[in-house]
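Structure data (compact mmCIF, C-alpha atoms) from run.txt:
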```txt
# COMPACT_ATOMS: atom_id res chain seq x y z
CA MET A 1 -15.73 -75.91 66.21
CA GLN A 2 -18.51 -75.59 63.68
CA GLU A 3 -17.36 -76.05 60.12
CA GLN A 4 -17.76 -73.05 57.87
CA ARG A 5 -17.67 -72.54 54.14
CA GLU A 6 -17.37 -69.44 52.01
CA VAL A 7 -20.60 -68.59 50.24
CA PRO A 8 -20.56 -66.14 47.33
CA LEU A 9 -22.93 -63.31 48.14
CA HIS A 10 -24.51 -63.31 44.68
CA ARG A 11 -25.90 -66.80 45.39
CA ILE A 12 -28.31 -65.44 47.98
CA VAL A 13 -29.55 -62.54 45.86
CA GLY A 14 -33.32 -62.82 45.37
CA ARG A 15 -33.72 -65.74 47.79
CA ARG A 16 -36.78 -65.05 49.91
CA ILE A 17 -36.83 -65.71 53.64
CA ARG A 18 -40.09 -65.73 55.55
CA SER A 19 -41.01 -65.49 59.20
CA GLU A 20 -44.10 -64.67 61.22
CA ALA A 21 -44.83 -62.24 64.03
CA ARG A 22 -47.70 -60.81 65.97
CA VAL A 23 -48.42 -57.19 66.84
CA GLU A 24 -47.73 -57.04 70.55
CA PHE A 25 -48.91 -54.51 73.13
CA SER A 26 -45.59 -52.63 73.16
CA HIS A 27 -45.67 -52.32 69.35
CA VAL A 28 -48.75 -50.11 69.18
CA ASP A 29 -49.34 -46.37 69.60
CA PRO A 30 -52.31 -44.71 71.34
CA TYR A 31 -54.36 -45.26 68.14
CA ARG A 32 -53.66 -49.01 68.60
CA HIS A 33 -51.75 -49.13 65.32
CA MET A 34 -48.33 -50.64 65.06
CA THR A 35 -45.77 -47.83 65.29
CA THR A 36 -43.36 -46.87 62.57
CA ALA A 37 -40.34 -47.73 64.70
CA ALA A 38 -41.85 -51.12 65.58
CA TYR A 39 -42.06 -51.98 61.86
CA LEU A 40 -38.43 -51.09 61.40
CA GLU A 41 -37.32 -52.97 64.49
CA MET A 42 -39.32 -56.00 63.38
CA ALA A 43 -37.78 -55.87 59.93
CA ILE A 44 -34.23 -55.57 61.22
CA ASN A 45 -34.68 -58.32 63.81
CA HIS A 46 -36.24 -60.58 61.18
CA ARG A 47 -33.34 -59.94 58.84
CA PHE A 48 -30.69 -60.53 61.51
CA ARG A 49 -32.38 -63.79 62.49
CA ALA A 50 -32.83 -64.87 58.87
CA VAL A 51 -29.21 -64.18 58.04
CA LEU A 52 -28.06 -66.19 61.04
CA ASP A 53 -30.49 -69.10 61.03
CA VAL A 54 -31.29 -69.55 57.36
CA LEU A 55 -28.14 -68.34 55.62
CA GLY A 56 -25.71 -69.23 58.41
CA PHE A 57 -23.94 -65.84 58.39
CA ASP A 58 -22.97 -64.89 61.93
CA THR A 59 -22.66 -61.13 61.62
CA LEU A 60 -21.67 -60.66 65.25
CA ALA A 61 -18.81 -63.14 64.89
CA LEU A 62 -17.83 -61.37 61.68
CA ALA A 63 -17.61 -58.11 63.63
CA GLU A 64 -15.63 -59.69 66.48
CA ASP A 65 -13.31 -61.92 64.49
CA HIS A 66 -12.77 -59.83 61.36
CA GLY A 67 -13.85 -56.35 62.45
CA ILE A 68 -16.41 -56.15 59.67
CA ALA A 69 -19.91 -54.84 60.27
CA PHE A 70 -22.86 -54.29 57.96
CA ILE A 71 -24.33 -50.87 58.61
CA ASN A 72 -27.56 -49.26 57.46
CA ARG A 73 -26.84 -46.16 55.37
CA ASP A 74 -30.30 -45.41 54.00
CA VAL A 75 -33.73 -46.60 55.01
CA HIS A 76 -36.91 -46.05 52.99
CA MET A 77 -40.26 -47.09 54.39
CA GLU A 78 -43.62 -46.97 52.66
CA PHE A 79 -46.83 -47.60 54.55
CA ARG A 80 -49.91 -49.03 52.88
CA ASN A 81 -52.11 -50.50 55.64
CA PHE A 82 -52.38 -50.43 59.40
CA ALA A 83 -51.42 -53.41 61.46
CA ASN A 84 -53.51 -53.57 64.61
CA LEU A 85 -52.91 -54.93 68.08
CA ASP A 86 -52.76 -58.74 68.16
CA GLU A 87 -52.81 -59.07 64.37
CA ALA A 88 -50.72 -61.87 62.85
CA LEU A 89 -48.11 -60.74 60.31
CA THR A 90 -45.77 -62.31 57.82
CA ILE A 91 -42.35 -60.86 57.16
CA GLU A 92 -40.48 -61.62 53.95
CA SER A 93 -37.07 -60.34 52.98
CA TRP A 94 -34.40 -60.80 50.37
CA VAL A 95 -31.21 -59.27 49.06
CA GLU A 96 -32.35 -57.31 46.03
CA GLU A 97 -28.99 -56.09 44.71
CA VAL A 98 -25.32 -56.36 45.58
CA HIS A 99 -22.98 -53.63 44.37
CA ALA A 100 -19.32 -52.95 45.07
CA SER A 101 -20.04 -50.47 47.85
CA ARG A 102 -23.56 -51.29 48.97
CA MET A 103 -26.19 -53.95 49.19
CA VAL A 104 -29.94 -53.44 48.93
CA VAL A 105 -32.25 -55.53 51.13
CA LEU A 106 -36.04 -55.41 50.81
CA VAL A 107 -38.44 -56.37 53.57
CA GLU A 108 -42.21 -56.68 53.22
CA ILE A 109 -44.55 -56.93 56.20
CA ARG A 110 -48.05 -58.19 55.41
CA LYS A 111 -51.22 -59.08 57.26
CA LYS A 112 -51.11 -62.85 57.52
CA VAL A 113 -54.83 -63.47 57.01
CA GLU A 114 -55.58 -61.28 54.00
CA GLY A 115 -52.05 -60.94 52.66
CA SER A 116 -52.29 -57.18 52.17
CA LEU A 117 -49.09 -55.21 52.40
CA CYS A 118 -48.63 -53.07 55.53
CA CYS A 119 -45.12 -51.81 54.99
CA ARG A 120 -42.29 -52.13 52.49
CA ILE A 121 -38.81 -51.31 53.71
CA ARG A 122 -35.69 -50.82 51.67
CA LEU A 123 -32.39 -51.01 53.53
CA ASP A 124 -29.20 -49.79 51.84
CA LEU A 125 -26.30 -51.43 53.64
CA SER A 126 -22.58 -50.83 53.44
CA THR A 127 -19.71 -52.69 55.01
CA PHE A 128 -17.58 -50.99 57.59
CA ASP A 129 -14.14 -51.94 58.89
CA LEU A 130 -14.51 -51.40 62.64
CA ARG A 131 -10.73 -51.54 63.21
CA GLN A 132 -9.77 -49.02 60.56
CA GLN A 133 -13.02 -47.05 60.99
CA ARG A 134 -13.71 -46.78 57.29
CA LEU A 135 -16.12 -48.08 54.71
CA ILE A 136 -14.88 -51.02 52.68
CA PRO A 137 -16.24 -52.81 49.58
CA VAL A 138 -19.00 -55.33 50.19
CA PRO A 139 -17.27 -58.74 50.49
CA LYS A 140 -17.80 -61.03 47.53
CA SER A 141 -18.35 -63.97 49.89
CA LEU A 142 -19.12 -64.57 53.54
CA PRO A 143 -18.34 -67.46 55.91
CA SER A 144 -21.47 -69.56 56.46
CA ARG A 145 -22.01 -72.29 59.01
CA ARG A 146 -24.89 -73.64 56.97
CA GLN A 147 -24.03 -76.76 55.00
CA GLU A 148 -27.30 -77.13 53.07
CA PRO A 149 -27.70 -75.43 49.72
CA PHE A 150 -29.83 -72.27 49.43
CA GLU A 151 -31.54 -73.46 46.29
CA GLN A 152 -34.66 -74.64 48.10
CA LEU A 153 -35.43 -71.10 49.23
CA PRO A 154 -38.12 -69.54 47.01
CA TRP A 155 -37.38 -66.65 44.69
CA ALA A 156 -38.61 -63.18 45.47
CA GLU A 157 -40.73 -61.37 42.90
CA GLY A 158 -38.61 -60.28 39.94
CA HIS A 159 -35.96 -62.92 40.61
CA PRO A 160 -33.90 -64.67 39.40
CA LYS A 161 -32.54 -61.77 37.42
CA THR A 162 -30.55 -62.62 34.36
CA ASP A 163 -28.93 -59.20 34.15
CA VAL A 164 -26.42 -58.43 36.87
CA PRO A 165 -26.96 -54.88 38.19
CA ALA A 166 -24.22 -52.44 37.40
CA SER A 167 -21.74 -51.79 40.15
CA SER A 168 -22.33 -48.45 41.86
CA MET Z 1 -61.88 -27.12 80.87
CA GLN Z 2 -58.85 -26.12 78.86
CA GLU Z 3 -59.57 -23.52 76.20
CA ILE Z 4 -58.77 -24.61 72.68
CA ARG Z 5 -58.24 -22.28 69.73
CA ASP Z 6 -57.45 -22.99 66.12
CA LEU Z 7 -54.11 -21.70 64.83
CA PRO Z 8 -52.95 -21.63 61.21
CA LEU Z 9 -50.60 -24.49 60.33
CA GLN Z 10 -48.59 -22.19 58.06
CA SER Z 11 -47.46 -20.25 61.12
CA VAL Z 12 -45.31 -23.17 62.33
CA VAL Z 13 -43.79 -24.14 58.97
CA GLY Z 14 -40.01 -23.81 59.13
CA ARG Z 15 -39.89 -23.19 62.89
CA LEU Z 16 -37.03 -25.14 64.43
CA PHE Z 17 -37.78 -27.20 67.55
CA THR Z 18 -34.76 -28.42 69.51
CA THR Z 19 -34.34 -30.95 72.33
CA ASP Z 20 -31.50 -32.94 73.91
CA SER Z 21 -31.19 -36.63 74.44
CA GLN Z 22 -28.64 -39.20 75.51
CA VAL Z 23 -28.07 -42.58 73.90
CA GLY Z 24 -29.47 -45.15 76.33
CA PHE Z 25 -28.27 -48.69 76.90
CA THR Z 26 -31.34 -50.31 75.38
CA GLN Z 27 -31.02 -48.15 72.27
CA CYS Z 28 -27.68 -49.72 71.34
CA ASP Z 29 -27.05 -52.78 69.20
CA ALA Z 30 -24.53 -55.52 69.88
CA ASN Z 31 -21.75 -53.38 68.41
CA GLY Z 32 -22.48 -50.59 70.91
CA HIS Z 33 -24.00 -48.20 68.37
CA MET Z 34 -27.44 -46.68 68.53
CA ASN Z 35 -29.63 -48.87 66.35
CA THR Z 36 -31.61 -47.70 63.35
CA ALA Z 37 -35.03 -48.27 64.90
CA ALA Z 38 -33.96 -46.34 68.01
CA PHE Z 39 -33.07 -43.32 65.83
CA LEU Z 40 -36.51 -43.52 64.29
CA GLU Z 41 -38.29 -43.90 67.62
CA LEU Z 42 -36.30 -40.98 69.05
CA ALA Z 43 -37.22 -38.81 66.07
CA ILE Z 44 -40.93 -39.62 66.37
CA ASN Z 45 -41.06 -39.16 70.14
CA HIS Z 46 -39.18 -35.88 69.87
CA ARG Z 47 -41.59 -34.63 67.23
CA MET Z 48 -44.71 -35.68 69.11
CA SER Z 49 -43.46 -34.00 72.30
CA GLU Z 50 -42.70 -30.81 70.40
CA VAL Z 51 -46.11 -30.82 68.79
CA LEU Z 52 -47.72 -31.18 72.21
CA ASP Z 53 -45.49 -28.80 74.16
CA PHE Z 54 -44.75 -26.04 71.65
CA MET Z 55 -47.72 -26.15 69.30
CA GLY Z 56 -50.19 -27.19 71.98
CA LEU Z 57 -51.62 -29.83 69.67
CA ASP Z 58 -52.75 -32.94 71.50
CA THR Z 59 -52.88 -35.46 68.67
CA VAL Z 60 -54.33 -38.24 70.81
CA ARG Z 61 -57.13 -35.99 72.01
CA GLN Z 62 -57.73 -34.76 68.46
CA ALA Z 63 -58.09 -38.36 67.34
CA LYS Z 64 -60.66 -39.05 70.08
CA GLU Z 65 -62.65 -35.86 69.78
CA ARG Z 66 -62.46 -35.05 66.06
CA GLY Z 67 -61.53 -38.42 64.59
CA ILE Z 68 -58.51 -36.91 62.83
CA VAL Z 69 -55.13 -38.60 62.93
CA TYR Z 70 -51.81 -37.77 61.32
CA LEU Z 71 -50.41 -40.82 59.57
CA ILE Z 72 -46.88 -41.47 58.46
CA ARG Z 73 -47.00 -42.69 54.87
CA LYS Z 74 -43.32 -42.63 54.06
CA VAL Z 75 -40.04 -42.47 55.97
CA GLU Z 76 -36.63 -41.75 54.52
CA MET Z 77 -33.62 -42.08 56.80
CA ASP Z 78 -30.14 -41.01 55.83
CA LEU Z 79 -27.69 -42.43 58.38
CA GLN Z 80 -24.41 -40.55 58.30
CA ALA Z 81 -22.51 -41.17 61.55
CA PRO Z 82 -22.89 -43.54 64.51
CA ALA Z 83 -23.95 -42.54 68.00
CA SER Z 84 -22.57 -44.55 70.90
CA HIS Z 85 -23.86 -45.44 74.35
CA GLY Z 86 -23.91 -42.40 76.65
CA GLU Z 87 -23.35 -39.90 73.88
CA HIS Z 88 -25.35 -36.67 74.06
CA LEU Z 89 -27.49 -35.84 71.08
CA LEU Z 90 -29.23 -32.76 69.73
CA LEU Z 91 -32.57 -33.21 68.00
CA GLU Z 92 -33.93 -30.60 65.66
CA SER Z 93 -37.18 -30.81 63.77
CA TRP Z 94 -39.40 -28.67 61.62
CA ILE Z 95 -42.32 -28.83 59.24
CA ASP Z 96 -40.68 -28.29 55.89
CA GLN Z 97 -43.67 -28.22 53.55
CA VAL Z 98 -47.44 -28.40 53.80
CA HIS Z 99 -49.39 -29.49 50.75
CA ALA Z 100 -53.06 -30.21 50.29
CA SER Z 101 -52.67 -33.92 50.84
CA ARG Z 102 -49.36 -34.32 52.63
CA MET Z 103 -46.94 -32.65 54.95
CA ILE Z 104 -43.15 -33.03 55.03
CA VAL Z 105 -41.50 -33.06 58.46
CA LYS Z 106 -37.73 -33.25 58.88
CA VAL Z 107 -35.82 -34.37 61.96
CA ARG Z 108 -32.05 -34.06 62.27
CA ILE Z 109 -30.18 -35.91 65.02
CA ARG Z 110 -26.67 -34.65 65.76
CA ARG Z 111 -23.91 -35.61 68.16
CA ARG Z 112 -23.63 -32.76 70.64
CA HIS Z 113 -19.82 -32.76 71.00
CA ASP Z 114 -18.89 -32.38 67.32
CA ARG Z 115 -22.28 -31.35 65.85
CA LYS Z 116 -21.95 -34.12 63.28
CA THR Z 117 -25.25 -35.29 61.80
CA CYS Z 118 -25.97 -38.89 62.77
CA CYS Z 119 -29.27 -39.20 61.03
CA LEU Z 120 -31.65 -37.13 58.94
CA VAL Z 121 -35.21 -38.41 58.89
CA VAL Z 122 -37.82 -37.15 56.42
CA PHE Z 123 -41.43 -38.01 57.20
CA THR Z 124 -44.27 -37.72 54.75
CA ALA Z 125 -47.48 -37.49 56.73
CA THR Z 126 -51.11 -37.36 55.69
CA THR Z 127 -54.33 -36.89 57.63
CA MET Z 128 -57.10 -39.40 57.98
CA ASN Z 129 -60.65 -39.17 59.19
CA THR Z 130 -60.88 -42.32 61.27
CA ARG Z 131 -64.68 -42.12 61.54
CA LYS Z 132 -65.12 -42.24 57.79
CA GLY Z 133 -61.96 -44.26 57.17
CA VAL Z 134 -60.75 -41.92 54.44
CA LEU Z 135 -57.72 -39.75 53.82
CA ILE Z 136 -58.57 -36.07 54.05
CA GLN Z 137 -56.83 -32.82 53.18
CA ILE Z 138 -54.27 -31.53 55.63
CA PRO Z 139 -56.25 -29.14 57.86
CA GLU Z 140 -55.20 -25.52 57.43
CA THR Z 141 -55.44 -25.00 61.18
CA PHE Z 142 -54.66 -27.03 64.26
CA PRO Z 143 -56.38 -26.98 67.66
CA SER Z 144 -54.01 -25.62 70.30
CA HIS Z 145 -54.35 -25.35 74.06
CA LEU Z 146 -51.60 -22.73 74.24
CA HIS Z 147 -52.50 -19.19 75.22
CA SER Z 148 -49.45 -17.62 73.62
CA GLU Z 149 -47.78 -18.30 70.33
CA ASP Z 150 -44.26 -18.77 71.70
CA PHE Z 151 -43.35 -20.86 68.71
CA LEU Z 152 -43.21 -17.62 66.72
CA ASN Z 153 -40.02 -16.84 68.67
CA LEU Z 154 -38.34 -20.10 67.69
CA PRO Z 155 -35.44 -19.88 65.21
CA TRP Z 156 -35.89 -20.73 61.56
CA ALA Z 157 -34.74 -24.01 60.09
CA GLU Z 158 -32.30 -24.01 57.20
CA GLY Z 159 -33.93 -22.68 54.04
CA HIS Z 160 -36.68 -20.88 55.96
CA PRO Z 161 -38.57 -18.58 56.15
CA ARG Z 162 -40.06 -19.06 52.73
CA PRO Z 163 -43.10 -17.34 51.34
CA PRO Z 164 -46.18 -19.47 52.13
CA SER Z 165 -46.63 -20.16 48.43
CA GLU Z 166 -43.17 -21.77 48.31
CA ASN Z 167 -43.85 -23.93 51.33
CA SER Z 168 -46.17 -25.91 49.16
CA ALA Z 169 -44.73 -25.09 45.73
CA ALA Z 170 -42.98 -28.41 45.45
CA SER Z 171 -46.23 -30.34 45.68
CA SER Z 172 -45.88 -31.76 42.22
CA LYS Z 173 -42.30 -32.93 42.74
```

Rewrite the coordinates I just gave you, this time as structure tokens.
Amino acid sequence: MQEQREVPLHRIVGRRIRSEARVEFSHVDPYRHMTTAAYLEMAINHRFRAVLDVLGFDTLALAEDHGIAFINRDVHMEFRNFANLDEALTIESWVEEVHASRMVVLVEIRKKVEGSLCCRIRLDLSTFDLRQQRLIPVPKSLPSRRQEPFEQLPWAEGHPKTDVPASS
Amino acid sequence: MQEIRDLPLQSVVGRLFTTDSQVGFTQCDANGHMNTAAFLELAINHRMSEVLDFMGLDTVRQAKERGIVYLIRKVEMDLQAPASHGEHLLLESWIDQVHASRMIVKVRIRRRHDRKTCCLVVFTATTMNTRKGVLIQIPETFPSHLHSEDFLNLPWAEGHPRPPSENSAASSK
């Protein structure tokens, strides 16, 4: 069985994870622009993959073994530029804040060539106990199967923050 | 050729459009709940169908013929309760406000059996002239292929009807 270690959640705050994608045929609307839902789906899939591959947090195992799930409570999306069919994109995300009852994750989707921002997404997540069907405090640490340190991941803009945000 | 006439946008503000849906297999995540992007896609598809069927506004045709498109600039989603595979949903939407440069559209998705709100989506939309590549004022009228204004018989959304001046009074907020 893969060895796991407990990683304090505050250690990943502000650590930026990057991936790339391309605007595919099924992502665009009749105007040939990437659709709003495709941005959100891309952001969520990127984040799920990043959390699993880069941070080593297996959220599905967490749900199955411990009955804990991270759920989206609020989503804010701001659109700045179109992404067109076949365009190459970069996706960057990071945990912006961790509070007692929620966690804020930011995702930015940019055009790869010119770097201009297409969409910024803010996800407000809470933790939910699937067995007791109630919201629970965000865990202070999570089991990670990743053995390497996170310190080589670059900082997101505005990080590292010296002031710890107040608990909500 | 289908006759097109221009109708005032103010006449549809606050009119509640309703449709049904059912949570499909591919809309669910690994925990069996409808996923966030599926809520958003459902809300947009519902709204676009309503615009076509009840307002008679063919947005794709308008883009081709007049070079005018409605763009989503901002989305706010408030997720309140899960929806599970097979569950029946009620979708309600309405134009809440029309300002000179933006329009606020709200979509509420409820579970049919207990009427609980799963998700409230607020869209801020603007209009763009794609030929000139510039944002333009929200047109005061929309081209409709409908011969009757059945949407005037639709129920009012919560907080409506409001005097037309109030439908855009919050523009500075």

Distance-based interface of chain Z with chain A, 6 Å, counting all atoms listed in the file, as a ChimeraX atom specification: /Z:37,40-41,73-79

Compile the contact shell of A:Val51 as a PDB file with C-alpha atoms, in the coordinates of the input: residues with an atom at most 10 Å away, counting all atoms listed in the file, same-chain residues fewer than 6 positions apart removed.
```
ATOM      1  CA  ILE A  17     -36.830 -65.710  53.640  1.00  0.00           C
ATOM      2  CA  ASN A  45     -34.680 -58.320  63.810  1.00  0.00           C
ATOM      3  CA  PHE A  57     -23.940 -65.840  58.390  1.00  0.00           C
ATOM      4  CA  ASP A  58     -22.970 -64.890  61.930  1.00  0.00           C
ATOM      5  CA  THR A  59     -22.660 -61.130  61.620  1.00  0.00           C
ATOM      6  CA  TRP A  94     -34.400 -60.800  50.370  1.00  0.00           C
ATOM      7  CA  SER A 144     -21.470 -69.560  56.460  1.00  0.00           C
TER       8      SER A 144
END
```

With all atoms listed in the file as the counted atoms, please give the residues lying no more than 10 Å from Z:Arg111, apart from itself and same-chain residues fewer than 5 positions off, as an NGL selection string. :Z and (20-23 or 81-84 or 87-91 or 116-119)

Within 8 Å of Z:Ile4, counting all atoms listed in the file, which residues show up once you throw out same-chain ones fewer than 3 positions away? Write them as a PyMOL selection string, please. chain Z and resi 143-146

Check the smallest atom-to-atom distance from each of A:Arg11, A:Arg22, A:Arg32, A:Arg16 to Z:Val69 using all atoms listed in the file, then report the winner.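 The shortest atom-to-atom distance to Z:Val69 comes from A:Arg32.
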
Enter the distance from atom CA of Z:Gly56 to atom CA of Z:Val12, in Å, rounded to one decimal.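 About the pair atom CA of Z:Gly56 and atom CA of Z:Val12: they are 11.5 Å apart.
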
Please indicate the distance in Å from atom CA of Z:Arg112 to atom CA of Z:His85, rounded to one decimal place.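 Computed distance, atom CA of Z:Arg112 to atom CA of Z:His85, equals 13.2 Å.
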
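Checking Z:Thr127, Z:Ser101, Z:Asn153, Z:Thr141 one by one against Z:Leu9, counting all atoms listed in the file, you find the shortest gap at Z:Thr141.
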
Interatomic distance, atom CA of Z:Gly159 to atom CA of Z:Gln80 (Å, one decimal):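 A separation of 20.7 Å between them.
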
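By chain and then residue number, the residues within 9 Å of Z:Phe39 are A:Ala37, Z:Gln27, Z:Met34, Z:Asn35, Z:Ala43, Z:Ile44, Z:Ile109, Z:Cys118, Z:Cys119, Z:Val121, counting all atoms listed in the file and disregarding those fewer than 4 positions away in sequence.
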
When you look at A:Gln152 with a cut-off of 12 Å (counting all atoms listed in the file), what residues show up, excluding the ones that are within fewer than 2 positions of it in the same chain? I need them as a PyMOL selection string. chain A and resi 12+15-17+54-55+148-150+154-155

Could you tell me which of Z:Ser49, Z:Met55, Z:Ile136, Z:Gln97 comes closest to Z:Leu7 if we count only C-alpha atoms?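 So, comparing all the options, the nearest one is Z:Met55.
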
Find the residue from Z:Glu65, Z:Gly14, Z:His99, Z:Phe142 that sits nearest to Z:Leu52; use only C-alpha atoms when measuring. Z:Phe142

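Closest approach to Z:Met128 among Z:His33, Z:Arg61, Z:Arg162, Z:Arg66: Z:Arg66, based on all atoms listed in the file.
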
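Take the candidates Z:Arg47, Z:Arg15, Z:Arg5, Z:Arg102 and check each one against Z:Ser168 using all atoms listed in the file; the shortest distance goes to Z:Arg102.
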